[in-house]
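S.K.: I'd like to ask some things about the structure below.
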Amino acid sequence: MKNNQEELTNGNKVLEDNYEVMKAKFRRFILIGTIVYAILVLYFMFLGFNRMDHNSDYNQYTFIFVPEGIPLRFPKLTMSWLYDFGNIAAFIPFGIVIPLLYRIRFRKFITLFISVIFLLEMLQSLTFMGTFDIMDIISNTLGAIIGFVAYRVGFSSEITFKKLVASVAAILILIIGVMVVSETIEYGVNVNKRIEPIQALKEVSTSTAITKNFSTFTVQGEKVQPKFNLFSSVDGISKEHLFNLGKKNLWFYANCGIPDKEAYKGSVTIVINGQQWFQFSDKDKDRHAVKIIPFFEGEVEDVKIIVTGNAKVWDVSIAEIKHWWE
């Protein structure tokens, strides 16, 4: 009887030793896989997507501290959506394997994760391999949180097939939840957008009030009667018309053309924030008036209109897009 008990004890000890050996091998396998995956992520963050070729595009340190959008909306077949999804999905594994390897509590894990991602985003900007973007930090952190929840559901105790299925289901539900919240925020932000009344632009150097008594002219047989303003060159010599705005999210309106009874020569160039944005010239085959009605998203510090020859620009105006809290 005693021998049987000793054999049973020895057998249990062997099983425990084998289990510990398998556990150590499994942990080593996960650690190596995590290191390889982390190197792959770092590659895409600093070298992937032809970043070396576009290195010269980032000629200054760029830090975006204010979110310019939302993390992830409902699926769309666009590169932008795939990029947003990748920014979340790529970091889900870290939320699973890090606590699996080190049994770390959520608060400490998320604090360390945000610190590391913050540092990597800083390095991206400082090495001109990208920009520091707070939206990337938010998206990456959401991915890590989703992964940690999946770890708690399926990996924090004894791992079973049912728990693994529950873990995958938790990931899918949380991703869908992020989409729903994002769409709700987007709707709440945009549903109350309103277009402000149209404002005619006035030159910085002009101190007199804008008159509405403009002479009429024709462009390809069409009569034109400017309502707000009229800009042209001075005796055929190039003239720059400058407008300081300091506004953002604008509908921009303008008309340009060359009158019929004048020599068909001249050009119109519109420059926004120092960058050429639109050009019309006598080299264009169509001689009709050109109407410009684009939307300019972002800050508009100044607008410059350069008119040469017999070209004319009229009814230059803007309409701001504002939210309810503005």
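Within each chain, counting starts at residue 1; across the structure tokens, chains are named A, B, ... in the order shown, with ligands numbered 1 upward in that order.
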Quick one: residues within 12 Å of range 159-171 of chain A, only C-alpha atoms, excluding same-chain residues fewer than 2 positions away - as a ChimeraX atom specification?
M.R.: /A:88-89,91-93,95-96,100,142-157,173-178
S.K.: Which neighbours of range 223-239 of chain A fall inside 12 Å, counting only C-alpha atoms, when residues of the same chain fewer than 4 positions from it are skipped, and could you give them as a VMD selection string?
M.R.: chain A and resid 198 to 203 206 209 to 219 253 to 260 262 to 269 288 to 290 304 to 318
S.K.: Could you jot down the CA of Lys322 in chain A to CA of Ser182 in chain A separation for me, Å, one decimal place?
M.R.: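 Taking CA of Lys322 in chain A and CA of Ser182 in chain A, their separation equals 20.0 Å.
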S.K.: Please identify the strand (DSSP E) residues within range 136-225 of chain A (assignment by DSSP from backbone atoms) and present them as an NGL selection string.
M.R.: :A and (194-195 or 199-200 or 217-219 or 222-224)
S.K.: Would you mind listing what lies within 12 Å of Lys76 in chain A as a PyMOL selection string, with only C-alpha atoms counted and same-chain residues fewer than 6 positions away left out?
M.R.: chain A and resi 82-85+179
S.K.: Those residues you just picked out, can you put them in a file as a tab-separated table (two decimals), in the first residue's frame with C-alpha atoms?
M.R.:
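Listing of again_27.tsv after writing:
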chain	number	residue	atom	x	y	z
A	82	LEU	CA	-8.00	50.54	-43.43
A	83	TYR	CA	-5.34	52.76	-41.87
A	84	ASP	CA	-7.64	53.64	-38.94
A	85	PHE	CA	-8.58	49.98	-38.47
A	179	MET	CA	-17.45	52.11	-34.38
S.K.: So that I can check the surroundings of range 115-127 of chain A, please list as a compact mmCIF listing (two decimals) with all heavy atoms, in the first residue's frame every protein, DNA and RNA residue that reaches within 7 Å of it, counting only C-alpha atoms and ignoring chain neighbours fewer than 5 positions away.
M.R.:
# COMPACT_ATOMS: atom_id res chain seq x y z
N PHE A 46 8.43 53.09 -38.55
CA PHE A 46 9.57 53.93 -38.89
C PHE A 46 10.11 53.72 -40.30
O PHE A 46 10.74 54.63 -40.86
CB PHE A 46 10.70 53.71 -37.88
CG PHE A 46 10.42 54.27 -36.51
CD1 PHE A 46 9.81 53.50 -35.54
CD2 PHE A 46 10.73 55.58 -36.21
CE1 PHE A 46 9.54 54.01 -34.29
CE2 PHE A 46 10.46 56.12 -34.96
CZ PHE A 46 9.85 55.32 -34.00
N TYR A 61 9.46 69.52 -37.65
CA TYR A 61 8.84 68.72 -36.60
C TYR A 61 7.36 69.03 -36.56
O TYR A 61 6.95 70.17 -36.42
CB TYR A 61 9.48 69.03 -35.25
CG TYR A 61 10.98 68.80 -35.23
CD1 TYR A 61 11.85 69.79 -34.80
CD2 TYR A 61 11.52 67.58 -35.66
CE1 TYR A 61 13.22 69.58 -34.78
CE2 TYR A 61 12.88 67.36 -35.65
CZ TYR A 61 13.73 68.37 -35.21
OH TYR A 61 15.08 68.15 -35.20
N THR A 62 6.54 67.99 -36.68
CA THR A 62 5.09 68.17 -36.70
C THR A 62 4.47 67.48 -35.50
O THR A 62 4.64 66.27 -35.32
CB THR A 62 4.49 67.58 -37.99
OG1 THR A 62 5.14 68.17 -39.12
CG2 THR A 62 3.00 67.87 -38.07
N PHE A 132 3.96 63.42 -35.02
CA PHE A 132 3.37 63.10 -33.72
C PHE A 132 1.89 63.42 -33.83
O PHE A 132 1.51 64.58 -33.98
CB PHE A 132 4.02 63.93 -32.61
CG PHE A 132 3.40 63.70 -31.25
CD1 PHE A 132 3.95 62.78 -30.38
CD2 PHE A 132 2.26 64.39 -30.87
CE1 PHE A 132 3.38 62.56 -29.13
CE2 PHE A 132 1.68 64.17 -29.64
CZ PHE A 132 2.24 63.25 -28.77
N ILE A 137 -2.12 57.82 -30.99
CA ILE A 137 -2.00 57.37 -29.60
C ILE A 137 -3.35 56.86 -29.10
O ILE A 137 -3.44 55.81 -28.45
CB ILE A 137 -1.47 58.50 -28.71
CG1 ILE A 137 -0.05 58.88 -29.12
CG2 ILE A 137 -1.51 58.09 -27.23
CD1 ILE A 137 0.55 60.02 -28.33
S.K.: Between CA of Ile292 in chain A and CA of Trp277 in chain A, what is the spacing in Å?
M.R.: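 About the pair CA of Trp277 in chain A and CA of Ile292 in chain A: they are 11.1 Å apart.
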S.K.: Quick one: distance from CA of Val66 in chain A to CA of Asn273 in chain A in Å, one decimal?
M.R.: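 Here the two named atoms are 20.3 Å from each other.
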S.K.: Under the rule that only C-alpha atoms are counted, which of A:Leu77, A:Ile35, A:Val300, A:Ile270 is the nearest residue to Val97 in chain A?
M.R.: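 For Val97 in chain A, the nearest of the given residues is A:Ile35.
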S.K.: Write out as a ChimeraX atom specification all residues of range 88-267 of chain A that backbone DSSP assigns to helix (DSSP H, G or I).
M.R.: /A:88-89,92-102,106-126,134-154,161-190
